[in-house]
Amino acid sequence: MIKKCLFPAAGYGTRFLPATKAMPKEMLPVVNKPLIQYGVEEALDAGLTEISIVTGRGKRALEDHFDISYELENQIKGTDKEKYLVGIRKLLDECSFSYTRQTEMKGLGHAILTGRPLIGDEPFAVVLADDLCVNLEGDGVLTQMVKLYKQYRCTIVAIQEVDPQETNKYGVIAGDLIGDDLYRVRNMVEKPKPEDAPSNLAIIGRYILTPDIFKLIEDTEPGKGGEIQITDALMKQAQDGCVIAYKFKGKRFDCGGAEGYIEATNFCFENFYKTGKAY
Ligand code: UTP
């Protein structure tokens, strides 16, 4: 079954400058927890315990976050502040963490390919930690996707209906409805203008990929912006075999920009922090 989860976290985070000049965007706190911790918690909830992170220059804080901090822990031992570290300790106890560095930021597809030595020849999940996903009503988004993978055994991408005027921010799909909230992908376009978009169903930062994707990325020429786009490799996978797009249950906040980040902060403050579920 799926055990591995890859976090591409090498991007520059230019939409959030200057905050991201010397700090990884994945370490931006939403209330009291960095974005990447929400992502790893979602992965663990889905049974994914082998966490692989693609980092880059200036991203060392990510590795330090998923490690023991002896001095600090000794300092708060026996005080009521120990509760603040219960969540992160659980992640350290139950997950393994491995890292590799992307030396040139050549896009998400390239970042995923950089993670290949950590993944090997097995299906795996991908989480873009700046997309914060929550579902208060039931299973987390990755848990929903792992269940679907067990049924379909092919690549699954999470999608969401977006404002038709905003398709130029996303990979957009066209597909045939094959079940409740499930589409078999026929076409996929990276960041189309609204008038060229095949639908308003946009791919967000959760994927389950079968390992043949690596070869397809290798064969992908740089696309928009000189970057190697995962959308192009997924399109080939959809043409040759099967890619399923899943309209997930829950909410997604784009924390790569200020607006989504503030919405996520308010949401998490109300639903997790104030209710004592934030650690
Ligand atoms: P984004 O385009 O959202 O991230 O990439 P970015 O480039 O960091 O952000 P902006 O647009 O400049 O503000 C989606 C995900 O892919 C990772 C990013 O870290 C993010 O999680 N990524 C992107 C890489 O790891 N490497 C890359 O070369 C590009």
# chains A, B, ... in the order shown; residues from 1 in each chain; ligands from 1
$ residues_near_ligand --ligand "ligand 1" --cutoff "10 Å" --atoms "only C-alpha atoms and all ligand atoms" --output "VMD selection string"
chain A and resid 7 to 17 20 24 to 26 36 53 to 56 101 to 112 114 to 115 126 to 131 169 to 170 204 to 205 227 to 230 254 to 257
$ closest_atom_pairs --of "stretch 135-165 of chain A" --to "stretch 177-187 of chain A" --cutoff "12 Å" --atoms "only C-alpha atoms" --output "Markdown table"
| residue | atom | partner | partner_atom | distance |
| --- | --- | --- | --- | --- |
| A:Gln144 | CA | A:Asp181 | CA | 11.8 |
| A:Met145 | CA | A:Leu182 | CA | 11.0 |
| A:Leu148 | CA | A:Leu182 | CA | 9.7 |
| A:Tyr152 | CA | A:Arg184 | CA | 10.9 |
| A:Cys154 | CA | A:Arg184 | CA | 10.7 |
| A:Thr155 | CA | A:Val185 | CA | 10.3 |
| A:Ile156 | CA | A:Arg184 | CA | 9.5 |
| A:Val157 | CA | A:Val185 | CA | 9.5 |
| A:Ala158 | CA | A:Leu182 | CA | 9.7 |
| A:Ile159 | CA | A:Asp181 | CA | 9.4 |
| A:Gln160 | CA | A:Asp181 | CA | 10.0 |
| A:Glu161 | CA | A:Asp181 | CA | 11.0 |
$ write_last_selection --atoms "N, CA, C and O atoms" --output "compact mmCIF listing (two decimals), in the first residue's frame"
# COMPACT_ATOMS: atom_id res chain seq x y z
N GLN A 144 -9.08 10.42 1.88
CA GLN A 144 -10.10 10.17 0.84
C GLN A 144 -9.43 9.66 -0.44
O GLN A 144 -9.92 8.74 -1.09
N MET A 145 -8.27 10.24 -0.76
CA MET A 145 -7.60 9.87 -2.02
C MET A 145 -6.96 8.48 -1.94
O MET A 145 -6.96 7.73 -2.92
N LEU A 148 -9.54 5.97 -2.60
CA LEU A 148 -9.85 5.88 -4.04
C LEU A 148 -8.75 5.11 -4.77
O LEU A 148 -9.02 4.33 -5.68
N TYR A 152 -9.04 2.20 -7.58
CA TYR A 152 -8.74 2.42 -9.00
C TYR A 152 -7.31 2.10 -9.41
O TYR A 152 -7.03 1.91 -10.59
N CYS A 154 -4.70 3.85 -9.93
CA CYS A 154 -4.04 4.71 -10.92
C CYS A 154 -3.84 6.09 -10.30
O CYS A 154 -4.23 6.33 -9.16
N THR A 155 -3.20 6.95 -11.05
CA THR A 155 -2.95 8.31 -10.54
C THR A 155 -4.26 9.04 -10.24
O THR A 155 -5.21 8.97 -11.01
N ILE A 156 -4.25 9.73 -9.11
CA ILE A 156 -5.43 10.48 -8.70
C ILE A 156 -5.01 11.92 -8.39
O ILE A 156 -4.03 12.13 -7.66
N VAL A 157 -5.71 12.88 -8.96
CA VAL A 157 -5.41 14.28 -8.63
C VAL A 157 -6.63 14.90 -7.97
O VAL A 157 -7.77 14.58 -8.32
N ALA A 158 -6.38 15.75 -6.97
CA ALA A 158 -7.49 16.43 -6.30
C ALA A 158 -7.85 17.67 -7.10
O ALA A 158 -6.98 18.41 -7.56
N ILE A 159 -9.16 17.87 -7.28
CA ILE A 159 -9.61 19.07 -8.01
C ILE A 159 -10.66 19.82 -7.20
O ILE A 159 -11.26 19.28 -6.27
N GLN A 160 -10.85 21.07 -7.63
CA GLN A 160 -11.80 21.95 -6.97
C GLN A 160 -12.39 22.86 -8.04
O GLN A 160 -11.68 23.23 -8.97
N GLU A 161 -13.68 23.19 -7.86
CA GLU A 161 -14.25 24.18 -8.79
C GLU A 161 -13.73 25.54 -8.40
O GLU A 161 -13.77 25.90 -7.23
$ atom_distance --atom1 "atom CA of A:Ile88" --atom2 "atom CA of A:Gly140"
18.1 Å
$ select_by_dssp --residues "stretch 73-238 of chain A" --states "strand (DSSP E or B)" --output "ChimeraX atom specification"
/A:96-101,124-127,131-134,155-161,171-179,182-190,201-209
$ closest_residue --among "A:Pro222, A:Pro123, A:Gly276, A:Gly138" --to "A:Leu209" --atoms "only C-alpha atoms"
A:Pro123
$ residues_around --residues "A:Ala43" --least-positions-apart "6" --cutoff "12 Å" --atoms "only C-alpha atoms" --output "count of residues only"
35
$ closest_residue --among "A:Lys274, A:Pro192, A:Phe214, A:Gly175" --to "A:Val243" --atoms "only C-alpha atoms"
A:Gly175
$ decode --residues "stretch 129-160 of chain A" --atoms "C-alpha atoms" --output "PDB file, in the first residue's frame"
ATOM      1  CA  ALA A 129       2.128  22.279   1.808  1.00  0.00           C
ATOM      2  CA  ASP A 130       1.089  25.800   0.838  1.00  0.00           C
ATOM      3  CA  ASP A 131      -2.321  24.348  -0.053  1.00  0.00           C
ATOM      4  CA  LEU A 132      -3.785  23.794   3.391  1.00  0.00           C
ATOM      5  CA  CYS A 133      -6.617  21.253   3.197  1.00  0.00           C
ATOM      6  CA  VAL A 134      -9.081  20.522   5.993  1.00  0.00           C
ATOM      7  CA  ASN A 135     -12.246  18.531   6.302  1.00  0.00           C
ATOM      8  CA  LEU A 136     -14.115  19.064   9.555  1.00  0.00           C
ATOM      9  CA  GLU A 137     -16.816  16.572   8.570  1.00  0.00           C
ATOM     10  CA  GLY A 138     -14.770  13.408   8.126  1.00  0.00           C
ATOM     11  CA  ASP A 139     -11.680  11.958   6.455  1.00  0.00           C
ATOM     12  CA  GLY A 140      -8.825  14.281   5.503  1.00  0.00           C
ATOM     13  CA  VAL A 141      -8.267  14.873   1.794  1.00  0.00           C
ATOM     14  CA  LEU A 142      -5.316  12.459   1.493  1.00  0.00           C
ATOM     15  CA  THR A 143      -7.270   9.767   3.350  1.00  0.00           C
ATOM     16  CA  GLN A 144     -10.099  10.174   0.839  1.00  0.00           C
ATOM     17  CA  MET A 145      -7.601   9.867  -2.019  1.00  0.00           C
ATOM     18  CA  VAL A 146      -5.816   6.805  -0.605  1.00  0.00           C
ATOM     19  CA  LYS A 147      -9.208   5.061  -0.383  1.00  0.00           C
ATOM     20  CA  LEU A 148      -9.845   5.875  -4.037  1.00  0.00           C
ATOM     21  CA  TYR A 149      -6.398   4.654  -5.021  1.00  0.00           C
ATOM     22  CA  LYS A 150      -7.160   1.270  -3.450  1.00  0.00           C
ATOM     23  CA  GLN A 151     -10.170   1.060  -5.724  1.00  0.00           C
ATOM     24  CA  TYR A 152      -8.743   2.424  -8.997  1.00  0.00           C
ATOM     25  CA  ARG A 153      -4.973   1.756  -8.745  1.00  0.00           C
ATOM     26  CA  CYS A 154      -4.045   4.711 -10.917  1.00  0.00           C
ATOM     27  CA  THR A 155      -2.945   8.313 -10.541  1.00  0.00           C
ATOM     28  CA  ILE A 156      -5.435  10.485  -8.701  1.00  0.00           C
ATOM     29  CA  VAL A 157      -5.408  14.283  -8.634  1.00  0.00           C
ATOM     30  CA  ALA A 158      -7.491  16.431  -6.297  1.00  0.00           C
ATOM     31  CA  ILE A 159      -9.610  19.066  -8.014  1.00  0.00           C
ATOM     32  CA  GLN A 160     -11.797  21.950  -6.966  1.00  0.00           C
TER      33      GLN A 160
END
